[in-house]
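Coordinates from run-v9.cif are shown below (mmCIF, C-alpha atoms).
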data_query
#
loop_
_atom_site.label_atom_id
_atom_site.label_comp_id
_atom_site.auth_asym_id
_atom_site.auth_seq_id
_atom_site.Cartn_x
_atom_site.Cartn_y
_atom_site.Cartn_z
CA MET A 1 0.00 0.00 0.00
CA SER A 2 1.16 3.50 -0.85
CA ILE A 3 -0.15 7.03 -0.61
CA VAL A 4 -1.60 7.81 -4.01
CA ILE A 5 -2.31 11.39 -5.07
CA THR A 6 -4.45 11.58 -8.21
CA ASN A 7 -5.31 14.63 -10.35
CA LEU A 8 -4.80 16.99 -7.42
CA SER A 9 -5.67 20.64 -8.01
CA LYS A 10 -5.38 23.49 -5.53
CA LYS A 11 -5.62 27.24 -6.07
CA TYR A 12 -5.35 30.24 -3.75
CA GLY A 13 -7.29 32.95 -5.55
CA ALA A 14 -5.72 33.32 -8.97
CA GLU A 15 -2.56 31.46 -7.95
CA THR A 16 -2.44 27.82 -9.02
CA ILE A 17 -0.36 25.62 -6.71
CA PHE A 18 -1.30 22.17 -8.07
CA GLU A 19 -2.96 21.32 -11.35
CA ASN A 20 -3.76 17.69 -12.16
CA PHE A 21 -0.85 16.64 -10.00
CA ASN A 22 -0.12 12.93 -9.54
CA LEU A 23 2.26 11.29 -7.10
CA VAL A 24 2.85 7.97 -5.34
CA ILE A 25 4.58 7.95 -1.94
CA LYS A 26 5.89 4.65 -0.58
CA LYS A 27 4.88 3.51 2.87
CA ASN A 28 7.35 2.85 5.70
CA LYS A 29 10.01 4.98 4.01
CA ILE A 30 11.26 8.51 4.55
CA THR A 31 10.35 10.46 1.43
CA GLY A 32 12.09 13.79 1.11
CA ILE A 33 10.59 16.54 -1.03
CA LEU A 34 12.94 19.23 -2.30
CA GLY A 35 11.80 22.39 -3.97
CA PRO A 36 12.12 26.16 -3.93
CA SER A 37 10.60 28.13 -1.04
CA GLY A 38 6.92 28.89 -1.53
CA ALA A 39 6.57 26.24 -4.24
CA GLY A 40 3.71 24.41 -2.51
CA LYS A 41 5.50 21.85 -0.35
CA THR A 42 3.72 22.94 2.84
CA THR A 43 0.42 23.00 0.93
CA LEU A 44 1.01 19.35 -0.02
CA LEU A 45 1.55 18.45 3.66
CA ASN A 46 -1.56 20.40 4.69
CA LEU A 47 -3.57 18.55 2.03
CA CYS A 48 -2.16 15.20 3.18
CA SER A 49 -3.01 16.02 6.82
CA GLY A 50 -6.56 17.19 6.10
CA LEU A 51 -5.84 20.74 7.31
CA GLU A 52 -6.74 21.90 3.79
CA GLN A 53 -9.02 20.36 1.20
CA PRO A 54 -8.12 19.94 -2.49
CA ASP A 55 -10.22 21.80 -5.07
CA CYS A 56 -10.15 18.66 -7.19
CA GLY A 57 -8.59 15.22 -7.09
CA THR A 58 -8.03 12.60 -4.41
CA ILE A 59 -5.43 11.56 -1.88
CA ALA A 60 -5.80 7.85 -1.09
CA GLY A 61 -4.03 5.63 1.43
CA ILE A 62 -4.00 8.05 4.37
CA ASN A 63 -5.74 7.36 7.67
CA PHE A 64 -6.53 10.91 8.75
CA GLN A 65 -7.01 9.74 12.35
CA SER A 66 -3.42 8.61 12.52
CA ILE A 67 -1.08 11.46 11.56
CA SER A 68 1.78 13.17 13.40
CA TYR A 69 3.13 16.49 12.21
CA ILE A 70 6.41 18.22 13.01
CA PHE A 71 5.85 21.83 12.05
CA GLN A 72 8.46 24.48 11.23
CA GLU A 73 7.89 25.85 14.74
CA PRO A 74 7.35 23.58 17.78
CA ARG A 75 3.68 24.54 18.46
CA LEU A 76 3.81 23.69 22.18
CA LEU A 77 1.28 24.89 24.73
CA PRO A 78 3.22 27.64 26.58
CA TRP A 79 1.19 27.13 29.77
CA ARG A 80 1.91 23.39 30.03
CA THR A 81 5.11 21.61 30.99
CA VAL A 82 7.01 19.39 28.55
CA ARG A 83 5.34 16.28 30.01
CA GLU A 84 1.89 17.86 29.85
CA ASN A 85 2.53 18.89 26.24
CA LEU A 86 3.34 15.30 25.35
CA ARG A 87 0.25 14.06 27.18
CA PHE A 88 -1.97 16.66 25.52
CA VAL A 89 -2.23 14.76 22.23
CA PHE A 90 -3.31 11.54 23.95
CA LYS A 91 -6.83 10.58 24.93
CA GLU A 92 -7.46 10.54 28.68
CA LYS A 93 -9.18 7.26 29.35
CA SER A 94 -9.06 7.53 33.14
CA ILE A 95 -6.65 8.67 35.82
CA LYS A 96 -6.02 5.07 36.89
CA LYS A 97 -5.50 3.88 33.36
CA PRO A 98 -3.81 6.58 31.30
CA SER A 99 -3.23 5.90 27.62
CA LEU A 100 0.34 7.15 27.86
CA HIS A 101 2.59 5.86 30.65
CA ASP A 102 5.20 7.95 32.43
CA ALA A 103 7.78 5.32 31.46
CA ASP A 104 7.04 5.91 27.74
CA ILE A 105 7.46 9.65 28.20
CA ASP A 106 10.70 9.18 30.16
CA ALA A 107 12.11 6.84 27.52
CA MET A 108 11.28 9.27 24.70
CA LEU A 109 12.66 12.26 26.59
CA GLU A 110 15.83 10.27 27.21
CA LEU A 111 16.05 9.48 23.51
CA VAL A 112 15.82 13.13 22.46
CA GLY A 113 18.20 14.25 25.22
CA LEU A 114 15.61 16.02 27.33
CA ALA A 115 15.48 13.65 30.32
CA THR A 116 16.00 16.42 32.86
CA VAL A 117 13.50 18.97 31.56
CA GLY A 118 10.22 17.04 31.66
CA ASP A 119 8.75 19.42 34.23
CA HIS A 120 9.99 22.61 32.57
CA TYR A 121 7.75 24.99 30.65
CA PRO A 122 8.53 25.71 26.96
CA SER A 123 9.60 29.26 27.87
CA GLU A 124 12.41 27.75 29.97
CA LEU A 125 13.83 25.81 27.00
CA SER A 126 15.96 26.86 24.03
CA GLY A 127 14.51 26.83 20.49
CA GLY A 128 16.27 23.55 19.71
CA MET A 129 15.00 21.89 22.89
CA ARG A 130 11.44 22.97 22.08
CA GLN A 131 11.77 21.48 18.59
CA ARG A 132 13.01 18.23 20.15
CA VAL A 133 9.87 18.17 22.33
CA SER A 134 7.84 18.51 19.16
CA ILE A 135 9.76 15.58 17.60
CA ALA A 136 9.17 13.54 20.78
CA ARG A 137 5.45 14.34 20.60
CA ALA A 138 5.25 13.27 16.95
CA PHE A 139 6.98 9.96 17.63
CA LEU A 140 5.13 9.18 20.87
CA TYR A 141 1.82 9.61 19.06
CA PRO A 142 1.02 6.25 17.48
CA SER A 143 0.59 7.46 13.91
CA GLU A 144 0.93 5.68 10.59
CA LEU A 145 2.13 8.82 8.81
CA LEU A 146 4.57 11.48 9.98
CA LEU A 147 4.64 14.81 8.15
CA MET A 148 7.61 17.13 8.63
CA ASP A 149 7.68 20.71 7.37
CA GLU A 150 11.25 22.03 7.45
CA PRO A 151 11.59 21.10 11.13
CA PHE A 152 15.29 21.98 11.25
CA SER A 153 15.18 25.26 9.33
CA SER A 154 15.37 27.57 12.35
CA LEU A 155 18.20 25.72 14.09
CA ASP A 156 21.95 26.22 14.04
CA CYS A 157 24.19 23.72 12.28
CA ALA A 158 25.40 21.74 15.32
CA LEU A 159 21.91 21.38 16.72
CA LYS A 160 20.52 20.42 13.32
CA ASN A 161 23.10 17.61 13.03
CA ARG A 162 22.27 16.40 16.52
CA LEU A 163 18.53 16.39 15.80
CA ILE A 164 18.96 14.59 12.47
CA ASP A 165 20.91 11.88 14.30
CA ASP A 166 18.23 11.71 17.01
CA PHE A 167 15.56 11.51 14.36
CA SER A 168 17.24 8.62 12.54
CA LYS A 169 17.57 6.70 15.82
CA ILE A 170 13.92 7.17 16.74
CA TRP A 171 12.63 6.44 13.23
CA ALA A 172 14.59 3.16 13.09
CA GLN A 173 12.49 1.88 16.01
CA ASP A 174 9.13 1.84 14.21
CA LYS A 175 9.88 2.82 10.58
CA ARG A 176 6.67 4.72 9.99
CA THR A 177 5.90 6.52 6.73
CA VAL A 178 7.51 9.96 6.70
CA ILE A 179 7.02 12.82 4.26
CA PHE A 180 9.73 15.40 4.87
CA VAL A 181 9.77 18.67 2.96
CA SER A 182 12.70 21.05 2.86
CA HIS A 183 14.53 23.39 0.54
CA ASN A 184 17.82 22.24 2.07
CA GLU A 185 19.40 19.43 0.03
CA ASP A 186 21.80 18.42 2.81
CA GLU A 187 18.99 17.73 5.31
CA ILE A 188 17.06 15.73 2.74
CA SER A 189 20.06 13.69 1.61
CA ARG A 190 20.92 12.76 5.19
CA LEU A 191 17.45 11.51 6.06
CA ALA A 192 15.44 10.55 2.99
CA GLN A 193 15.44 7.17 1.27
CA GLU A 194 13.60 8.58 -1.70
CA VAL A 195 14.03 12.18 -2.87
CA LEU A 196 11.42 13.94 -4.97
CA THR A 197 12.25 17.29 -6.52
CA PHE A 198 9.39 19.71 -7.18
CA SER A 199 9.32 22.58 -9.64
CA ASP A 200 7.96 26.04 -8.85
CA LYS A 201 4.18 26.69 -9.08
CA PRO A 202 2.18 25.00 -10.50
CA VAL A 203 4.05 22.09 -8.98
CA GLN A 204 5.47 19.37 -11.21
CA LEU A 205 7.63 16.42 -10.25
CA LEU A 206 11.05 17.11 -11.79
CA SER A 207 12.87 14.02 -10.55
CA ARG A 208 12.57 10.95 -8.34
CA GLU A 209 15.76 9.56 -6.84
CA ILE A 210 16.16 6.49 -4.65
CA ARG A 211 19.01 6.64 -2.15
CA VAL A 212 20.57 3.79 -0.25
CA MET B 213 -1.76 65.35 48.54
CA LEU B 214 0.42 68.45 49.03
CA LEU B 215 -1.77 70.43 46.62
CA TRP B 216 -4.88 69.26 48.48
CA ALA B 217 -3.36 70.30 51.84
CA LEU B 218 -2.33 73.70 50.44
CA ALA B 219 -5.76 74.25 48.88
CA ALA B 220 -7.51 73.32 52.18
CA TRP B 221 -5.20 75.71 54.09
CA TRP B 222 -5.91 78.50 51.56
CA VAL B 223 -9.71 77.95 51.55
CA ASP B 224 -9.67 77.60 55.34
CA SER B 225 -13.20 76.19 55.56
CA PRO B 226 -13.78 72.47 56.30
CA LEU B 227 -17.31 72.91 54.96
CA VAL B 228 -15.92 73.66 51.48
CA LEU B 229 -12.67 71.67 51.49
CA PRO B 230 -11.55 69.66 54.54
CA SER B 231 -7.80 69.05 54.92
CA PRO B 232 -6.26 65.60 54.36
CA LEU B 233 -5.63 65.33 58.12
CA LYS B 234 -9.26 66.14 58.94
CA THR B 235 -10.38 63.58 56.33
CA LEU B 236 -8.16 60.90 57.85
CA GLU B 237 -9.43 61.78 61.33
CA GLY B 238 -12.96 61.35 59.99
CA VAL B 239 -12.11 57.84 58.76
CA ILE B 240 -10.69 56.91 62.18
CA ILE B 241 -13.81 58.23 63.92
CA LEU B 242 -16.05 56.34 61.48
CA ALA B 243 -14.08 53.14 62.11
CA GLY B 244 -15.04 53.33 65.79
CA ASP B 245 -18.64 52.57 64.88
CA PHE B 246 -19.74 49.03 64.03
CA GLU B 247 -22.19 50.43 61.42
CA PHE B 248 -19.16 51.59 59.40
CA PHE B 249 -18.08 48.01 58.83
CA VAL B 250 -21.64 46.86 58.14
CA SER B 251 -21.93 49.53 55.40
CA ILE B 252 -18.59 48.57 53.85
CA GLY B 253 -19.47 44.85 54.06
CA ALA B 254 -22.85 45.36 52.37
CA THR B 255 -21.31 47.44 49.56
CA LEU B 256 -18.47 44.93 49.10
CA LEU B 257 -21.03 42.13 48.89
CA ARG B 258 -22.91 43.98 46.14
CA VAL B 259 -19.71 44.79 44.22
CA PHE B 260 -18.40 41.23 44.39
CA GLY B 261 -21.83 39.71 43.76
CA GLY B 262 -22.26 41.82 40.61
CA VAL B 263 -18.66 41.33 39.44
CA PHE B 264 -18.70 37.59 40.14
CA ILE B 265 -21.94 37.00 38.21
CA SER B 266 -20.70 39.23 35.35
CA VAL B 267 -17.34 37.49 35.07
CA ALA B 268 -18.76 33.96 35.45
CA LEU B 269 -21.51 34.49 32.87
CA GLY B 270 -19.21 36.58 30.67
CA LEU B 271 -16.69 33.72 30.59
CA VAL B 272 -19.19 30.99 29.77
CA LEU B 273 -21.26 32.97 27.26
CA GLY B 274 -18.16 34.68 25.83
CA LEU B 275 -16.55 31.29 25.18
CA ALA B 276 -19.76 30.11 23.54
CA GLY B 277 -19.98 33.34 21.49
CA GLY B 278 -16.37 33.11 20.39
CA LEU B 279 -16.66 29.47 19.37
CA ASN B 280 -20.10 29.60 17.78
CA LYS B 281 -20.90 32.32 15.23
CA ALA B 282 -24.66 31.74 15.41
CA PHE B 283 -24.65 32.17 19.20
CA TYR B 284 -22.56 35.34 18.80
CA GLU B 285 -25.11 36.75 16.35
CA ILE B 286 -27.92 36.04 18.84
CA MET B 287 -26.07 37.52 21.84
CA ASN B 288 -24.48 40.56 20.19
CA PRO B 289 -27.67 42.69 19.83
CA PHE B 290 -28.55 42.05 23.50
CA VAL B 291 -25.07 43.02 24.67
CA SER B 292 -25.00 46.10 22.43
CA THR B 293 -28.39 47.18 23.81
CA ILE B 294 -27.24 46.72 27.42
CA LYS B 295 -24.07 48.69 26.62
CA SER B 296 -25.99 51.63 25.21
CA LEU B 297 -28.44 51.95 28.14
CA PRO B 298 -27.82 55.07 30.28
CA VAL B 299 -26.79 53.92 33.78
CA VAL B 300 -29.05 56.41 35.59
CA SER B 301 -32.16 55.31 33.63
CA VAL B 302 -31.36 51.69 34.35
CA ILE B 303 -30.98 52.34 38.08
CA ILE B 304 -34.25 54.26 38.34
CA LEU B 305 -36.16 51.76 36.19
CA ILE B 306 -34.89 48.69 38.01
CA ASN B 307 -35.65 50.34 41.34
CA LEU B 308 -39.32 50.35 40.32
CA TRP B 309 -39.33 46.59 39.99
CA ILE B 310 -37.00 45.20 42.63
CA ALA B 311 -35.86 45.85 46.23
CA SER B 312 -33.46 48.77 46.71
CA GLY B 313 -30.72 46.62 48.23
CA VAL B 314 -30.52 44.40 45.12
CA VAL B 315 -30.57 47.25 42.56
CA PRO B 316 -26.81 48.02 42.78
CA LEU B 317 -25.99 44.33 42.25
CA VAL B 318 -28.18 44.08 39.15
CA VAL B 319 -26.88 47.37 37.77
CA THR B 320 -23.27 46.28 38.38
CA PHE B 321 -24.01 43.12 36.43
CA LEU B 322 -25.57 45.06 33.54
CA ILE B 323 -22.53 47.34 33.33
CA CYS B 324 -19.80 44.74 33.86
CA PHE B 325 -21.19 41.80 31.87
CA PRO B 326 -20.79 43.42 28.40
CA VAL B 327 -17.16 44.29 29.23
CA THR B 328 -16.39 40.68 30.21
CA TRP B 329 -18.33 39.15 27.33
CA THR B 330 -16.64 41.35 24.72
CA ASN B 331 -13.17 40.67 26.16
CA VAL B 332 -13.70 36.90 26.27
CA VAL B 333 -15.06 36.76 22.71
CA GLN B 334 -12.00 38.73 21.58
CA GLY B 335 -9.76 36.32 23.52
CA VAL B 336 -11.30 33.28 21.81
CA ARG B 337 -10.88 34.91 18.40
CA THR B 338 -7.22 35.71 18.96
CA THR B 339 -6.37 32.16 20.08
CA ASP B 340 -3.26 30.90 18.29
CA LYS B 341 -4.52 29.19 15.11
CA LYS B 342 -1.30 27.19 14.91
CA LEU B 343 -2.04 25.50 18.25
CA LEU B 344 -5.57 24.73 17.08
CA GLU B 345 -4.18 23.18 13.86
CA MET B 346 -1.79 21.07 15.92
CA ALA B 347 -4.69 19.86 18.10
CA LYS B 348 -6.74 19.06 14.99
CA ILE B 349 -3.94 17.00 13.44
CA TYR B 350 -3.56 14.96 16.63
CA ASN B 351 -7.35 14.46 16.94
CA VAL B 352 -7.54 16.11 20.35
CA ASP B 353 -11.14 16.17 21.57
CA GLN B 354 -13.07 19.45 21.80
CA THR B 355 -13.34 19.46 25.62
CA LYS B 356 -9.58 19.25 25.92
CA ILE B 357 -9.09 21.93 23.26
CA ILE B 358 -11.39 24.27 25.20
CA ARG B 359 -9.71 23.43 28.54
CA ASP B 360 -6.09 23.46 27.40
CA ILE B 361 -6.04 25.96 24.51
CA TYR B 362 -9.03 28.30 24.55
CA ILE B 363 -9.31 28.89 28.32
CA PRO B 364 -5.58 29.64 28.86
CA SER B 365 -5.64 31.89 25.75
CA VAL B 366 -8.67 33.75 27.07
CA LYS B 367 -7.17 34.11 30.56
CA PRO B 368 -5.30 37.43 29.98
CA PHE B 369 -8.46 38.88 28.42
CA ALA B 370 -10.57 37.59 31.33
CA VAL B 371 -8.10 39.05 33.84
CA SER B 372 -8.24 42.41 32.09
CA ALA B 373 -12.06 42.16 32.10
CA LEU B 374 -12.02 41.28 35.81
CA MET B 375 -9.85 44.31 36.65
CA ASN B 376 -12.12 46.57 34.57
CA ALA B 377 -15.21 45.02 36.15
CA ILE B 378 -13.87 45.60 39.67
CA GLY B 379 -13.00 49.23 38.86
CA LEU B 380 -16.33 49.86 37.18
CA GLY B 381 -18.21 47.78 39.75
CA TRP B 382 -17.19 50.05 42.61
CA LYS B 383 -18.24 53.23 40.88
CA VAL B 384 -21.51 51.81 39.60
CA THR B 385 -22.44 50.11 42.87
CA VAL B 386 -21.89 53.25 44.96
CA THR B 387 -23.81 55.38 42.42
CA ALA B 388 -26.66 52.88 42.38
CA GLU B 389 -26.72 52.76 46.19
CA VAL B 390 -27.20 56.54 46.30
CA LEU B 391 -29.91 56.61 43.61
CA ALA B 392 -31.76 53.52 44.85
CA ASN B 393 -31.46 54.42 48.57
CA ALA B 394 -29.93 51.02 49.30
CA LEU B 395 -29.31 50.39 53.00
CA PRO B 396 -26.91 49.66 54.60
CA SER B 397 -24.32 50.99 52.16
CA ILE B 398 -21.36 53.29 51.57
CA GLY B 399 -23.44 55.11 48.96
CA MET B 400 -26.16 56.12 51.44
CA ASN B 401 -23.54 57.32 53.93
CA LEU B 402 -22.17 59.54 51.16
CA TYR B 403 -25.68 60.76 50.44
CA TYR B 404 -26.42 61.57 54.11
CA ALA B 405 -23.09 63.38 54.42
CA LYS B 406 -24.07 65.47 51.41
CA ILE B 407 -27.60 66.40 52.55
CA TYR B 408 -26.40 67.22 56.09
CA LEU B 409 -23.53 69.28 54.60
CA GLU B 410 -20.92 67.16 56.41
CA THR B 411 -18.23 67.76 53.82
CA ASP B 412 -15.51 66.22 55.98
CA LEU B 413 -17.55 62.99 56.22
CA LEU B 414 -18.14 63.08 52.47
CA PHE B 415 -14.37 63.21 51.96
CA SER B 416 -13.80 60.49 54.59
CA TRP B 417 -16.22 58.09 52.89
CA THR B 418 -14.66 58.89 49.50
CA LEU B 419 -11.26 58.06 51.00
CA VAL B 420 -12.70 54.77 52.29
CA ILE B 421 -13.92 53.95 48.76
CA VAL B 422 -10.50 54.73 47.26
CA ILE B 423 -8.68 52.65 49.93
CA CYS B 424 -11.06 49.67 49.44
CA SER B 425 -10.77 49.92 45.65
CA LEU B 426 -6.94 50.00 45.73
CA ALA B 427 -6.78 47.16 48.28
CA ILE B 428 -9.05 44.94 46.18
CA GLU B 429 -7.09 45.73 43.00
CA LYS B 430 -3.77 44.89 44.72
CA ILE B 431 -5.15 41.64 46.21
CA THR B 432 -6.60 40.58 42.83
CA LEU B 433 -3.32 41.34 41.02
CA HIS B 434 -1.39 39.45 43.72
CA VAL B 435 -3.63 36.37 43.40
CA ILE B 436 -3.39 36.47 39.58
CA GLY B 437 0.39 37.00 39.78
CA ASN B 438 0.81 33.94 42.02
CA ASN B 439 -1.33 31.91 39.67
CA ARG B 440 0.80 32.93 36.68
CA LYS B 441 4.02 32.12 38.55
CA GLU B 442 2.70 28.62 39.26
CA GLU B 443 2.14 28.22 35.54
CA GLY B 444 5.69 29.34 34.70
CA GLN B 445 4.68 32.68 33.21
CA CYS B 446 5.91 36.15 34.05
CA PRO B 447 3.90 37.76 36.86
CA LEU B 448 1.80 40.78 35.92
CA SER B 449 3.58 44.07 36.58
#

How would this structure read if it were set down as structure tokens?
Amino acid sequence: MSIVITNLSKKYGAETIFENFNLVIKKNKITGILGPSGAGKTTLLNLCSGLEQPDCGTIAGINFQSISYIFQEPRLLPWRTVRENLRFVFKEKSIKKPSLHDADIDAMLELVGLATVGDHYPSELSGGMRQRVSIARAFLYPSELLLMDEPFSSLDCALKNRLIDDFSKIWAQDKRTVIFVSHNEDEISRLAQEVLTFSDKPVQLLSREIRV
Amino acid sequence: MLLWALAAWWVDSPLVLPSPLKTLEGVIILAGDFEFFVSIGATLLRVFGGVFISVALGLVLGLAGGLNKAFYEIMNPFVSTIKSLPVVSVIILINLWIASGVVPLVVTFLICFPVTWTNVVQGVRTTDKKLLEMAKIYNVDQTKIIRDIYIPSVKPFAVSALMNAIGLGWKVTVTAEVLANALPSIGMNLYYAKIYLETDLLFSWTLVIVICSLAIEKITLHVIGNNRKEEGQCPLS
């Protein structure tokens, strides 16, 4: 099974982003999408996540109830601690039987190097630490599809390298389907197993490259 | 204070302008009578009753109005009408229908509720759309979204509404007490001081109102500040 996008069209006013666009994305792989800024990569993720609806066409093979998203910015609740932010996306079944155990949170925080800041508020963390919380949230959430919209773009080089390593480690544990968009070729080449290159608007697939 | 003291010294007539010292003496004399505290207690009860009902209803209905456009469209004409009513007419009219003691409470509600409602609706509308998108992606249920995103987002607006309501509530309650002859009350003590030409008492009661108002504002800010500190946010200045 793959994610199959068929005859997708999307316009914002007079601006055409997609016109009869077709694409197949393989499951359980990290697919990187390269393209110029503002070309429509984020729009594709928003369409895949259900945040936006296509004007025409279909996107098949996505369970919209089972998606994680790492945004360009961390999108954490400023009034909740790191732990509470991670718990926020889980259903509360009951106090005695929570759907997310403390041990799971601790293990994930350990994995992303945030073991000591579980009870801190986002305002007490650096930008990179906040983004790592957002990565932890996306991986803790039991999704079939993970969407990533330039999650490393606002970080410095050392931190970016560290996070890419963290990401690879965490992804190797469950190998879920990942769609990762960026305009940075280095980030894509370090993470993606398949690299798609998009043209400017209206989007066309310029190349498809499989990397080992 | 210095200007006031100089003006009182220059006028040299406590009937026209009592000095700050004379005013303070008046407050101390008033405090020797148990009725003084009964009057303050009754007025405080009306202020807090009116403010509490306004803020509680303003929060609930404001949240509903901010989240639901149809409900907003139904509520907005009512709130606009209440806002445009002249306070004096409202006090006199309501006094025809209900007991004098309750009039200030009702009037305080009618003045403070629109402020709270408008602030809360604005708070809901300025909630960070990016957080709402995140919650939608992760299928967070609506109750949790309201509890963990909307209510904390609305909090600064509700606090501002509360501070406005307390400030307004005092003025409106005391005015309504005078016009509705509500007893016991600070307002009626002001009124008696005026008709018996006891200017020093008039100033003393005014000073009592100012002291109570400042004390309540400070206590409210302190409580809110502590609450914000517990949540890891900067305390209000």

When the cut-off is 6 Å and we count only C-alpha atoms, which residues of chain A are near chain B, given as a list in words?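 On the chain A side, the interface is Arg75, Trp79 and Val89 of chain A.
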
With all atoms listed in the file as the counted atoms, please give the residues lying no more than 9 Å from Ala192 (chain A), apart from itself and same-chain residues fewer than 4 positions off, as number ranges by chain. A: 29-33, 178-180, 187-188, 210-211

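Between CA of Asp224 (chain B) and CA of Leu402 (chain B) the interatomic distance comes to 22.4 Å.
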
Once the PyMOL selection byres ((chain B and resi 318) around 12) has been evaluated on this model, what residues remain selected, and can you format them as a PyMOL selection string? chain B and resi 258-266+299+302-307+309-317+319-325+381+384-385+388-389+392

Atoms kept (C-alpha atoms) for selection, written as a PDB file, in the frame of the given file:
ATOM      1  CA  ARG B 258     -22.910  43.980  46.140  1.00  0.00           C
ATOM      2  CA  VAL B 259     -19.710  44.790  44.220  1.00  0.00           C
ATOM      3  CA  PHE B 260     -18.400  41.230  44.390  1.00  0.00           C
ATOM      4  CA  GLY B 261     -21.830  39.710  43.760  1.00  0.00           C
ATOM      5  CA  GLY B 262     -22.260  41.820  40.610  1.00  0.00           C
ATOM      6  CA  VAL B 263     -18.660  41.330  39.440  1.00  0.00           C
ATOM      7  CA  PHE B 264     -18.700  37.590  40.140  1.00  0.00           C
ATOM      8  CA  ILE B 265     -21.940  37.000  38.210  1.00  0.00           C
ATOM      9  CA  SER B 266     -20.700  39.230  35.350  1.00  0.00           C
ATOM     10  CA  VAL B 299     -26.790  53.920  33.780  1.00  0.00           C
ATOM     11  CA  VAL B 302     -31.360  51.690  34.350  1.00  0.00           C
ATOM     12  CA  ILE B 303     -30.980  52.340  38.080  1.00  0.00           C
ATOM     13  CA  ILE B 304     -34.250  54.260  38.340  1.00  0.00           C
ATOM     14  CA  LEU B 305     -36.160  51.760  36.190  1.00  0.00           C
ATOM     15  CA  ILE B 306     -34.890  48.690  38.010  1.00  0.00           C
ATOM     16  CA  ASN B 307     -35.650  50.340  41.340  1.00  0.00           C
ATOM     17  CA  TRP B 309     -39.330  46.590  39.990  1.00  0.00           C
ATOM     18  CA  ILE B 310     -37.000  45.200  42.630  1.00  0.00           C
ATOM     19  CA  ALA B 311     -35.860  45.850  46.230  1.00  0.00           C
ATOM     20  CA  SER B 312     -33.460  48.770  46.710  1.00  0.00           C
ATOM     21  CA  GLY B 313     -30.720  46.620  48.230  1.00  0.00           C
ATOM     22  CA  VAL B 314     -30.520  44.400  45.120  1.00  0.00           C
ATOM     23  CA  VAL B 315     -30.570  47.250  42.560  1.00  0.00           C
ATOM     24  CA  PRO B 316     -26.810  48.020  42.780  1.00  0.00           C
ATOM     25  CA  LEU B 317     -25.990  44.330  42.250  1.00  0.00           C
ATOM     26  CA  VAL B 319     -26.880  47.370  37.770  1.00  0.00           C
ATOM     27  CA  THR B 320     -23.270  46.280  38.380  1.00  0.00           C
ATOM     28  CA  PHE B 321     -24.010  43.120  36.430  1.00  0.00           C
ATOM     29  CA  LEU B 322     -25.570  45.060  33.540  1.00  0.00           C
ATOM     30  CA  ILE B 323     -22.530  47.340  33.330  1.00  0.00           C
ATOM     31  CA  CYS B 324     -19.800  44.740  33.860  1.00  0.00           C
ATOM     32  CA  PHE B 325     -21.190  41.800  31.870  1.00  0.00           C
ATOM     33  CA  GLY B 381     -18.210  47.780  39.750  1.00  0.00           C
ATOM     34  CA  VAL B 384     -21.510  51.810  39.600  1.00  0.00           C
ATOM     35  CA  THR B 385     -22.440  50.110  42.870  1.00  0.00           C
ATOM     36  CA  ALA B 388     -26.660  52.880  42.380  1.00  0.00           C
ATOM     37  CA  GLU B 389     -26.720  52.760  46.190  1.00  0.00           C
ATOM     38  CA  ALA B 392     -31.760  53.520  44.850  1.00  0.00           C
TER      39      ALA B 392
END

Pick from B:Arg337, B:Lys383, B:His434, B:Lys406 nearest to Ala276 (chain B), counting all atoms listed in the file: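 With all atoms listed in the file as the atom set, the closest residue is B:Arg337.
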
Taking all atoms listed in the file into account, which of A:Leu146, A:Val4, A:Leu47, A:Leu109 comes nearest Arg132 (chain A)?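 Closest residue, counting all atoms listed in the file: A:Leu109.
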
Report, in Å with one decimal, the straight-line distance from CA of Glu150 (chain A) to CA of Asp119 (chain A).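 For CA of Glu150 (chain A) relative to CA of Asp119 (chain A), the distance reads 27.0 Å.
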
Could you give me, as number ranges by chain, the residues within 10 Å of Gly118 (chain A), counting only C-alpha atoms and dropping anything in the same chain fewer than 6 positions from it? A: 81-86, 105-106, 109-110, 133

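Selection result for the displayed file, with the PyMOL selection byres ((chain B and resi 216-222) around 12) as criterion, is Met213, Leu214, Leu215, Val223, Asp224, Ser225, Pro226, Leu227, Val228, Leu229, Pro230, Ser231, Pro232, Leu233, Lys234, Thr235, Asp412 and Phe415 of chain B.
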
If you keep C-alpha atoms, can you produce a file of those selected residues as a tab-separated table (two decimals), in the coordinates of the input?
chain	number	residue	atom	x	y	z
B	213	MET	CA	-1.76	65.35	48.54
B	214	LEU	CA	0.42	68.45	49.03
B	215	LEU	CA	-1.77	70.43	46.62
B	223	VAL	CA	-9.71	77.95	51.55
B	224	ASP	CA	-9.67	77.60	55.34
B	225	SER	CA	-13.20	76.19	55.56
B	226	PRO	CA	-13.78	72.47	56.30
B	227	LEU	CA	-17.31	72.91	54.96
B	228	VAL	CA	-15.92	73.66	51.48
B	229	LEU	CA	-12.67	71.67	51.49
B	230	PRO	CA	-11.55	69.66	54.54
B	231	SER	CA	-7.80	69.05	54.92
B	232	PRO	CA	-6.26	65.60	54.36
B	233	LEU	CA	-5.63	65.33	58.12
B	234	LYS	CA	-9.26	66.14	58.94
B	235	THR	CA	-10.38	63.58	56.33
B	412	ASP	CA	-15.51	66.22	55.98
B	415	PHE	CA	-14.37	63.21	51.96

Please work out which residues fall within 12 Å of (-12.6, 53.8, 58.6), coordinates as given in the file, with all atoms listed in the file counting, and return them as a ChimeraX atom specification. /B:235-252,398,413,415-424

Identify, on the basis of all atoms listed in the file, every residue whose closest approach to Leu45 (chain A) does not exceed 12 Å; exclude the query and any residue fewer than 5 positions from it along the same chain; express the result as a list in words.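 Once the adjacent positions are removed, what remains is Ile5, Gly32, Ile33, Gly40, Gly50, Leu51, Glu52, Gln53, Pro54, Ile59, Ile62, Ile67, Ser68, Tyr69, Ile70, Phe71, Gln72, Leu145, Leu146, Leu147, Met148, Asp149, Glu150, Val178, Ile179, Phe180, Val181 and Ser182 of chain A; Ile349 of chain B.
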